[in-house]
Amino acid sequence: MNILHKYLIREIVKYFSMIMVMVVCVYMIVDFFERVDNFMEAGAPLAATFRFLAFKIPFIIAQILPVGVLLSILITLGLMNKKNELVALRSSGIGIYTLFKPIALIGLGSGLLLFFFSEGIVPTTMAKANDIYLREVKKVSAMATRENNIWIKGKQSITHITHYNPVDNAVFGVTLHQFDDQFKLIRRIDAVKGVFKNGEWVLDTVMEQRINTKPHALEVNFHSQKTEPVDLVPEDLSQVAKKSEEMSFDELRNYIRDIEAEGYDAGNYRVDLHAKTALPFACLIMSMVGSGIAVRRAFKERLSLIIAWGIAIIFLYWVVFSFCISLGYGGILLPVISAWLTNLVFLCLGGIALLNAD
């Protein structure tokens with residue numbers, strides 16, 4: 001590695017560190033003011049709010065790491081362009097493709113770092129953050145088994161859900177146990193499926209069992225459909241159910257295999273599985289896009305315009321990525337296509353930007 005490559009890497013890493021610290025701080029401040037009212041209304045201590053935000057830091061870093069890569073490259077090359085350093089390098093026979101080698105190395109290294117960071121740290125910290133929010137704010141006692149079944153403890157009830165589909169707000173394999181004041185079982189409901197409609201759960205293929213203590217008798221009734229006022233909304237289930245970001249790549253793949261073996265749809269989880277590999281690749285793509293834009297002579301005296309372009313590119317990337325992921329959730333696109341289509345589009349844009357670099 002020559003002196004020029006070391007210089008580029010040092011400058012990019014310096015601005016990358018500054019950008020990440022600033023963006024994480026802004027993100028946390030905004031998230032704090034959005035969440036603090038919920039914690040205060042629930043009577044949770046302020047320390048719980050800070051613990052919640054602290055556990056979210058790794059997830060925030062994972063989300064904005066491609067942003068830091070793009071902006072740091074734009075600023076570094078933009079300053080070199082403004083100071084005529086790129087002109088001096090061109091006059092010495094050093095072109096954009098020579099400069100791109102260490103930049104591509106940073107993009108590749110950042111992508112690998114993001115993947116292993118998301119695999120090793122984010123699942124654990126996000127599980128703890130969601131648990132704090134669930135217990136301190138929602139006041140719901142819940143437990144997910146190793147098979148990711150959901151157990152929820154209410155005031156005088158325990159609900160078991162085999163599978164929850166957040167796209168359709170549907171639950172499968174529902175068992176509701178209700179108890180009296182002495183915590184004796186008085187009623188049990190088993191349902192194949194439940195859908196949340198108009199503020200109530202509509203259960204399908206229901207078996208209802210009532211236990212009468214005087215005299216001791218068991219009453220069993222069957223219903224094709226029954227509305228049950230369960231004290232639980234989809235937003236609570238979204239907090240309780242183990243999310244894709246709480247699972248590593250292998251855990252998510254095994255979870256998909258298990259729920260599909262039980263006959264449930266795992267389309268949205270398959271989209272998230274492919275997204276786990278697609279998002280780290282965005283770091284390399286952003287390094288290509290940033291290099292192609294920052295070296296253009298049109299931006300030589302307009303560093304602020306380069307940064308604005310970077311923010312616009314990141315915003316456009318997330319809009320397109322989120323749109324494609326939504327199409328994957330809806331079954332319109334195949335999971336692998338919905339996760340990788342955005343990268344393919346921006347890879348082409350990055351290649352065009354490099355080919356047309358001055």
# chains A, B, ... in the order shown; residues from 1 in each chain; ligands from 1
$ select_by_dssp --residues "region 56-178 of chain A" --states "strand (DSSP E)" --output "PyMOL selection string"
chain A and resi 141-144+150-153+157-165+170-178
$ select_by_dssp --residues "region 9-226 of chain A" --states "helix (DSSP H, G or I)" --output "compact mmCIF listing (two decimals) with C-alpha atoms, in the first residue's frame"
# COMPACT_ATOMS: atom_id res chain seq x y z
CA ILE A 9 -7.88 5.65 3.98
CA ARG A 10 -6.81 7.82 6.92
CA GLU A 11 -8.89 10.80 5.74
CA ILE A 12 -11.95 8.72 4.95
CA VAL A 13 -11.81 6.94 8.31
CA LYS A 14 -11.44 10.30 10.08
CA TYR A 15 -14.53 11.83 8.46
CA PHE A 16 -16.39 8.53 8.76
CA SER A 17 -15.88 8.54 12.53
CA MET A 18 -17.04 12.15 12.83
CA ILE A 19 -20.14 11.54 10.71
CA MET A 20 -21.12 8.38 12.60
CA VAL A 21 -20.84 10.10 15.99
CA MET A 22 -22.93 13.07 14.84
CA VAL A 23 -25.62 11.00 13.13
CA VAL A 24 -25.93 8.56 16.05
CA CYS A 25 -26.31 11.47 18.48
CA VAL A 26 -28.98 13.15 16.32
CA TYR A 27 -30.79 9.82 15.88
CA MET A 28 -30.79 9.18 19.63
CA ILE A 29 -31.99 12.69 20.47
CA VAL A 30 -34.91 12.38 18.05
CA ASP A 31 -35.72 8.87 19.30
CA PHE A 32 -35.54 10.09 22.92
CA PHE A 33 -38.14 12.82 22.41
CA GLU A 34 -40.36 10.39 20.49
CA ARG A 35 -40.22 7.72 23.20
CA VAL A 36 -39.90 9.67 26.43
CA ASP A 37 -43.65 10.48 26.56
CA ASN A 38 -44.49 6.77 26.33
CA PHE A 39 -42.11 5.93 29.17
CA MET A 40 -43.40 8.79 31.34
CA GLU A 41 -47.06 7.91 30.77
CA LEU A 46 -35.95 7.70 33.28
CA ALA A 47 -33.11 5.22 33.60
CA ALA A 48 -35.20 2.69 31.64
CA THR A 49 -35.43 5.17 28.77
CA PHE A 50 -31.65 5.58 28.66
CA ARG A 51 -31.12 1.82 28.87
CA PHE A 52 -33.54 1.38 25.97
CA LEU A 53 -31.67 3.94 23.87
CA ALA A 54 -28.28 2.52 24.79
CA PHE A 55 -29.27 -0.95 23.62
CA LYS A 56 -30.48 0.55 20.34
CA ILE A 57 -27.11 2.11 19.50
CA PRO A 58 -25.73 -0.98 17.67
CA PHE A 59 -28.90 -1.18 15.58
CA ILE A 60 -28.61 2.54 14.75
CA ILE A 61 -24.98 2.09 13.71
CA ALA A 62 -25.92 -0.85 11.48
CA GLN A 63 -28.64 1.22 9.80
CA ILE A 64 -26.56 4.32 9.09
CA LEU A 65 -23.19 2.73 8.33
CA PRO A 66 -23.73 2.99 4.52
CA VAL A 67 -24.60 6.66 5.08
CA GLY A 68 -21.28 7.23 6.84
CA VAL A 69 -19.36 5.47 4.07
CA LEU A 70 -20.92 7.57 1.31
CA LEU A 71 -20.63 10.96 3.06
CA SER A 72 -17.06 10.36 4.25
CA ILE A 73 -15.95 9.50 0.70
CA LEU A 74 -17.79 12.51 -0.72
CA ILE A 75 -16.21 14.88 1.80
CA THR A 76 -12.69 13.46 1.41
CA LEU A 77 -12.64 13.49 -2.39
CA GLY A 78 -14.61 16.75 -2.47
CA LEU A 79 -11.97 18.51 -0.38
CA MET A 80 -9.22 17.04 -2.53
CA ASN A 81 -11.04 18.29 -5.62
CA LYS A 82 -11.50 21.75 -4.11
CA GLU A 85 -5.16 17.78 -5.32
CA LEU A 86 -7.05 15.68 -7.86
CA VAL A 87 -5.73 17.90 -10.67
CA ALA A 88 -2.18 17.35 -9.42
CA LEU A 89 -2.75 13.60 -9.28
CA ARG A 90 -4.19 13.55 -12.81
CA SER A 91 -1.17 15.49 -14.12
CA ILE A 96 -9.82 7.83 -10.73
CA TYR A 97 -9.47 4.06 -10.93
CA THR A 98 -6.19 4.16 -9.03
CA LEU A 99 -7.85 6.27 -6.35
CA PHE A 100 -10.81 3.93 -6.24
CA LYS A 101 -8.76 0.90 -5.12
CA PRO A 102 -8.42 1.94 -1.43
CA ILE A 103 -11.96 3.34 -1.51
CA ALA A 104 -13.32 0.02 -2.76
CA LEU A 105 -11.33 -1.69 -0.01
CA ILE A 106 -13.03 0.55 2.56
CA GLY A 107 -16.45 -0.18 1.06
CA LEU A 108 -15.81 -3.91 1.09
CA GLY A 109 -14.41 -3.83 4.62
CA SER A 110 -17.34 -1.75 5.84
CA GLY A 111 -19.78 -4.23 4.30
CA LEU A 112 -18.11 -7.19 6.00
CA LEU A 113 -18.01 -5.25 9.28
CA LEU A 114 -21.70 -4.43 8.95
CA PHE A 115 -22.60 -8.07 8.28
CA PHE A 116 -20.70 -9.50 11.25
CA PHE A 117 -21.78 -6.59 13.46
CA SER A 118 -25.41 -7.29 12.57
CA GLU A 119 -24.87 -10.99 13.21
CA GLY A 120 -23.03 -10.84 16.52
CA VAL A 122 -27.43 -6.31 16.99
CA PRO A 123 -29.64 -9.39 17.67
CA THR A 124 -28.71 -9.43 21.35
CA THR A 125 -29.01 -5.69 21.98
CA MET A 126 -32.27 -5.29 20.04
CA ALA A 127 -33.83 -8.17 21.98
CA LYS A 128 -32.94 -6.39 25.23
CA ALA A 129 -34.22 -3.03 23.97
CA ASN A 130 -37.55 -4.52 22.85
CA ASP A 131 -37.87 -6.36 26.16
CA ILE A 132 -37.41 -3.10 28.10
CA TYR A 133 -40.05 -1.33 26.00
CA LEU A 134 -42.45 -4.24 26.30
CA ARG A 135 -42.17 -4.59 30.08
CA GLU A 136 -41.73 -0.94 31.10
$ closest_residue --among "A:Leu185, A:Ala170, A:Cys283, A:Ala217" --to "Leu203 (chain A)" --atoms "only C-alpha atoms"
A:Ala170
$ residues_around --residues "region 153-162 of chain A" --least-positions-apart "3" --cutoff "7 Å" --atoms "only C-alpha atoms" --output "list of chain:residue names"
A:Val140, A:Ser141, A:Ala142, A:Asn149, A:Ile150, A:Val171, A:Phe172, A:Gly173, A:Val174, A:Thr175, A:Leu176, A:His177, A:Gln178, A:Phe179, A:Asp180
$ atom_distance --atom1 "CA of Ile352 (chain A)" --atom2 "CA of Gly292 (chain A)"
8.0 Å
$ closest_residue --among "A:Ala278, A:Asp250, A:Pro234, A:Gly263" --to "Val192 (chain A)" --atoms "only C-alpha atoms"
A:Gly263
$ atom_distance --atom1 "CA of Ser244 (chain A)" --atom2 "CA of Pro166 (chain A)"
11.8 Å
$ atom_distance --atom1 "CA of Asp168 (chain A)" --atom2 "CA of Ile256 (chain A)"
17.2 Å
$ residues_around --residues "region 218-222 of chain A" --least-positions-apart "3" --cutoff "12 Å" --atoms "only C-alpha atoms" --output "list in words"
Leu185, Ile186, Arg187, Arg188, Ile189, Asp190, Ala191, Leu203, Asp204, Thr205, Val206, Met207, Glu208, Gln209, Arg210, Ile211, Asn212, Thr213, Lys214, Pro215, Gln225 and Lys226 of chain A
$ write_last_selection --atoms "C-alpha atoms" --output "PDB file, in the first residue's frame"
ATOM      1  CA  LEU A 185     -58.676 -22.445  35.148  1.00  0.00           C
ATOM      2  CA  ILE A 186     -62.292 -21.635  34.228  1.00  0.00           C
ATOM      3  CA  ARG A 187     -62.152 -21.301  30.428  1.00  0.00           C
ATOM      4  CA  ARG A 188     -60.001 -22.369  27.505  1.00  0.00           C
ATOM      5  CA  ILE A 189     -60.287 -21.362  23.859  1.00  0.00           C
ATOM      6  CA  ASP A 190     -58.415 -23.044  20.992  1.00  0.00           C
ATOM      7  CA  ALA A 191     -58.501 -21.499  17.528  1.00  0.00           C
ATOM      8  CA  LEU A 203     -61.101 -16.321  15.617  1.00  0.00           C
ATOM      9  CA  ASP A 204     -61.708 -19.111  13.106  1.00  0.00           C
ATOM     10  CA  THR A 205     -62.421 -22.808  13.822  1.00  0.00           C
ATOM     11  CA  VAL A 206     -62.839 -22.370  17.569  1.00  0.00           C
ATOM     12  CA  MET A 207     -63.233 -24.902  20.369  1.00  0.00           C
ATOM     13  CA  GLU A 208     -64.417 -23.317  23.626  1.00  0.00           C
ATOM     14  CA  GLN A 209     -64.226 -25.205  26.928  1.00  0.00           C
ATOM     15  CA  ARG A 210     -65.812 -23.903  30.143  1.00  0.00           C
ATOM     16  CA  ILE A 211     -65.164 -25.484  33.522  1.00  0.00           C
ATOM     17  CA  ASN A 212     -68.063 -25.141  35.956  1.00  0.00           C
ATOM     18  CA  THR A 213     -67.028 -25.549  39.576  1.00  0.00           C
ATOM     19  CA  LYS A 214     -70.587 -26.021  40.865  1.00  0.00           C
ATOM     20  CA  PRO A 215     -71.259 -28.710  39.866  1.00  0.00           C
ATOM     21  CA  GLN A 225     -66.032 -18.092  13.889  1.00  0.00           C
ATOM     22  CA  LYS A 226     -66.038 -16.226  17.177  1.00  0.00           C
TER      23      LYS A 226
END
$ residues_around --residues "Glu228 (chain A)" --least-positions-apart "6" --cutoff "7 Å" --atoms "only C-alpha atoms" --output "list in words"
Glu200, Trp201 and Val202 of chain A
$ closest_residue --among "A:Ile307, A:Ala44, A:Ser291, A:Gly330" --to "Leu355 (chain A)" --atoms "only C-alpha atoms"
A:Ser291
$ decode --residues "region 161-301 of chain A" --atoms "C-alpha atoms" --output "JSON list (two decimals), in the first residue's frame"
[["chain", "number", "residue", "atom", "x", "y", "z"],
["A", 161, "ILE", "CA", -49.68, -18.12, 19.92],
["A", 162, "THR", "CA", -47.80, -20.53, 17.67],
["A", 163, "HIS", "CA", -47.16, -18.05, 14.85],
["A", 164, "TYR", "CA", -47.78, -14.35, 14.18],
["A", 165, "ASN", "CA", -47.88, -12.85, 10.68],
["A", 166, "PRO", "CA", -47.36, -9.06, 10.99],
["A", 167, "VAL", "CA", -48.22, -8.40, 7.34],
["A", 168, "ASP", "CA", -51.80, -9.67, 7.69],
["A", 169, "ASN", "CA", -52.18, -8.97, 11.43],
["A", 170, "ALA", "CA", -53.01, -12.66, 11.78],
["A", 171, "VAL", "CA", -52.20, -15.19, 14.50],
["A", 172, "PHE", "CA", -52.17, -18.96, 14.16],
["A", 173, "GLY", "CA", -52.48, -21.79, 16.67],
["A", 174, "VAL", "CA", -54.11, -19.63, 19.37],
["A", 175, "THR", "CA", -54.80, -20.98, 22.87],
["A", 176, "LEU", "CA", -56.36, -18.69, 25.50],
["A", 177, "HIS", "CA", -56.48, -19.73, 29.17],
["A", 178, "GLN", "CA", -58.65, -17.69, 31.55],
["A", 179, "PHE", "CA", -58.47, -17.95, 35.37],
["A", 180, "ASP", "CA", -60.56, -16.84, 38.32],
["A", 181, "ASP", "CA", -59.37, -14.82, 41.32],
["A", 182, "GLN", "CA", -57.84, -17.97, 42.86],
["A", 183, "PHE", "CA", -55.99, -18.62, 39.60],
["A", 184, "LYS", "CA", -58.07, -21.68, 38.80],
["A", 185, "LEU", "CA", -58.68, -22.45, 35.15],
["A", 186, "ILE", "CA", -62.29, -21.63, 34.23],
["A", 187, "ARG", "CA", -62.15, -21.30, 30.43],
["A", 188, "ARG", "CA", -60.00, -22.37, 27.50],
["A", 189, "ILE", "CA", -60.29, -21.36, 23.86],
["A", 190, "ASP", "CA", -58.42, -23.04, 20.99],
["A", 191, "ALA", "CA", -58.50, -21.50, 17.53],
["A", 192, "VAL", "CA", -56.75, -22.33, 14.28],
["A", 193, "LYS", "CA", -56.44, -18.70, 13.21],
["A", 194, "GLY", "CA", -57.26, -15.19, 14.39],
["A", 195, "VAL", "CA", -57.41, -11.88, 12.48],
["A", 196, "PHE", "CA", -57.53, -8.41, 14.07],
["A", 197, "LYS", "CA", -60.54, -6.48, 12.68],
["A", 198, "ASN", "CA", -62.19, -3.31, 13.97],
["A", 199, "GLY", "CA", -60.42, -3.46, 17.32],
["A", 200, "GLU", "CA", -61.32, -7.12, 18.01],
["A", 201, "TRP", "CA", -59.87, -10.53, 17.29],
["A", 202, "VAL", "CA", -62.00, -12.68, 14.98],
["A", 203, "LEU", "CA", -61.10, -16.32, 15.62],
["A", 204, "ASP", "CA", -61.71, -19.11, 13.11],
["A", 205, "THR", "CA", -62.42, -22.81, 13.82],
["A", 206, "VAL", "CA", -62.84, -22.37, 17.57],
["A", 207, "MET", "CA", -63.23, -24.90, 20.37],
["A", 208, "GLU", "CA", -64.42, -23.32, 23.63],
["A", 209, "GLN", "CA", -64.23, -25.21, 26.93],
["A", 210, "ARG", "CA", -65.81, -23.90, 30.14],
["A", 211, "ILE", "CA", -65.16, -25.48, 33.52],
["A", 212, "ASN", "CA", -68.06, -25.14, 35.96],
["A", 213, "THR", "CA", -67.03, -25.55, 39.58],
["A", 214, "LYS", "CA", -70.59, -26.02, 40.87],
["A", 215, "PRO", "CA", -71.26, -28.71, 39.87],
["A", 216, "HIS", "CA", -67.95, -29.94, 38.46],
["A", 217, "ALA", "CA", -68.65, -30.18, 34.75],
["A", 218, "LEU", "CA", -66.96, -29.43, 31.46],
["A", 219, "GLU", "CA", -68.93, -27.62, 28.78],
["A", 220, "VAL", "CA", -67.53, -27.81, 25.24],
["A", 221, "ASN", "CA", -68.76, -25.68, 22.33],
["A", 222, "PHE", "CA", -67.53, -25.41, 18.75],
["A", 223, "HIS", "CA", -67.71, -22.25, 16.63],
["A", 224, "SER", "CA", -66.79, -21.71, 13.00],
["A", 225, "GLN", "CA", -66.03, -18.09, 13.89],
["A", 226, "LYS", "CA", -66.04, -16.23, 17.18],
["A", 227, "THR", "CA", -65.16, -12.68, 18.20],
["A", 228, "GLU", "CA", -63.02, -12.59, 21.32],
["A", 229, "PRO", "CA", -62.14, -9.35, 23.19],
["A", 230, "VAL", "CA", -58.53, -10.30, 23.86],
["A", 231, "ASP", "CA", -56.64, -7.49, 25.61],
["A", 232, "LEU", "CA", -53.94, -7.50, 22.96],
["A", 233, "VAL", "CA", -53.38, -5.49, 19.78],
["A", 234, "PRO", "CA", -51.07, -6.16, 16.80],
["A", 235, "GLU", "CA", -48.70, -3.43, 18.00],
["A", 236, "ASP", "CA", -48.16, -5.43, 21.19],
["A", 237, "LEU", "CA", -47.56, -8.60, 19.22],
["A", 238, "SER", "CA", -45.05, -6.77, 17.05],
["A", 239, "GLN", "CA", -43.13, -5.99, 20.22],
["A", 240, "VAL", "CA", -43.49, -9.49, 21.64],
["A", 241, "ALA", "CA", -42.79, -11.56, 18.54],
["A", 242, "LYS", "CA", -39.13, -12.14, 17.86],
["A", 243, "LYS", "CA", -38.13, -9.91, 14.98],
["A", 244, "SER", "CA", -35.72, -10.57, 12.17],
["A", 245, "GLU", "CA", -33.20, -8.10, 13.56],
["A", 246, "GLU", "CA", -33.18, -10.06, 16.81],
["A", 247, "MET", "CA", -32.01, -13.18, 14.99],
["A", 248, "SER", "CA", -28.74, -13.97, 13.27],
["A", 249, "PHE", "CA", -28.65, -15.23, 9.70],
["A", 250, "ASP", "CA", -28.55, -18.88, 10.78],
["A", 251, "GLU", "CA", -31.26, -18.39, 13.42],
["A", 252, "LEU", "CA", -33.56, -16.71, 10.92],
["A", 253, "ARG", "CA", -32.93, -19.40, 8.32],
["A", 254, "ASN", "CA", -33.73, -22.13, 10.85],
["A", 255, "TYR", "CA", -36.84, -20.24, 11.99],
["A", 256, "ILE", "CA", -38.07, -20.04, 8.40],
["A", 257, "ARG", "CA", -37.53, -23.76, 7.97],
["A", 258, "ASP", "CA", -39.44, -24.52, 11.18],
["A", 259, "ILE", "CA", -42.50, -22.37, 10.50],
["A", 260, "GLU", "CA", -42.72, -23.56, 6.89],
["A", 261, "ALA", "CA", -42.54, -27.15, 8.13],
["A", 262, "GLU", "CA", -45.58, -26.35, 10.30],
["A", 263, "GLY", "CA", -47.45, -25.05, 7.25],
["A", 264, "TYR", "CA", -47.21, -21.30, 7.89],
["A", 265, "ASP", "CA", -46.21, -18.63, 5.39],
["A", 266, "ALA", "CA", -42.67, -17.31, 5.90],
["A", 267, "GLY", "CA", -42.51, -14.98, 2.90],
["A", 268, "ASN", "CA", -41.78, -11.84, 4.91],
["A", 269, "TYR", "CA", -39.05, -13.60, 6.87],
["A", 270, "ARG", "CA", -37.46, -14.81, 3.63],
["A", 271, "VAL", "CA", -37.35, -11.19, 2.46],
["A", 272, "ASP", "CA", -35.61, -10.20, 5.69],
["A", 273, "LEU", "CA", -33.17, -13.10, 5.32],
["A", 274, "HIS", "CA", -32.01, -11.88, 1.90],
["A", 275, "ALA", "CA", -31.96, -8.29, 3.16],
["A", 276, "LYS", "CA", -29.40, -9.31, 5.80],
["A", 277, "THR", "CA", -26.90, -9.96, 2.99],
["A", 278, "ALA", "CA", -28.08, -7.23, 0.62],
["A", 279, "LEU", "CA", -27.71, -4.29, 3.02],
["A", 280, "PRO", "CA", -23.98, -4.80, 3.78],
["A", 281, "PHE", "CA", -23.31, -4.86, 0.03],
["A", 282, "ALA", "CA", -24.70, -1.31, -0.08],
["A", 283, "CYS", "CA", -21.47, -0.05, 1.51],
["A", 284, "LEU", "CA", -19.45, -1.06, -1.56],
["A", 285, "ILE", "CA", -22.08, 0.42, -3.88],
["A", 286, "MET", "CA", -22.06, 3.72, -1.99],
["A", 287, "SER", "CA", -18.27, 3.87, -2.31],
["A", 288, "MET", "CA", -18.66, 3.59, -6.10],
["A", 289, "VAL", "CA", -21.39, 6.23, -6.26],
["A", 290, "GLY", "CA", -19.49, 8.59, -3.97],
["A", 291, "SER", "CA", -16.25, 8.27, -5.94],
["A", 292, "GLY", "CA", -17.96, 8.92, -9.25],
["A", 293, "ILE", "CA", -19.71, 12.07, -8.01],
["A", 294, "ALA", "CA", -17.04, 13.72, -5.84],
["A", 295, "VAL", "CA", -14.31, 13.85, -8.53],
["A", 296, "ARG", "CA", -16.41, 15.73, -11.06],
["A", 297, "ARG", "CA", -15.14, 19.20, -11.92],
["A", 298, "ALA", "CA", -18.66, 20.60, -11.68],
["A", 299, "PHE", "CA", -18.51, 20.18, -7.88],
["A", 300, "LYS", "CA", -15.01, 21.56, -7.44],
["A", 301, "GLU", "CA", -16.00, 24.73, -5.57]]
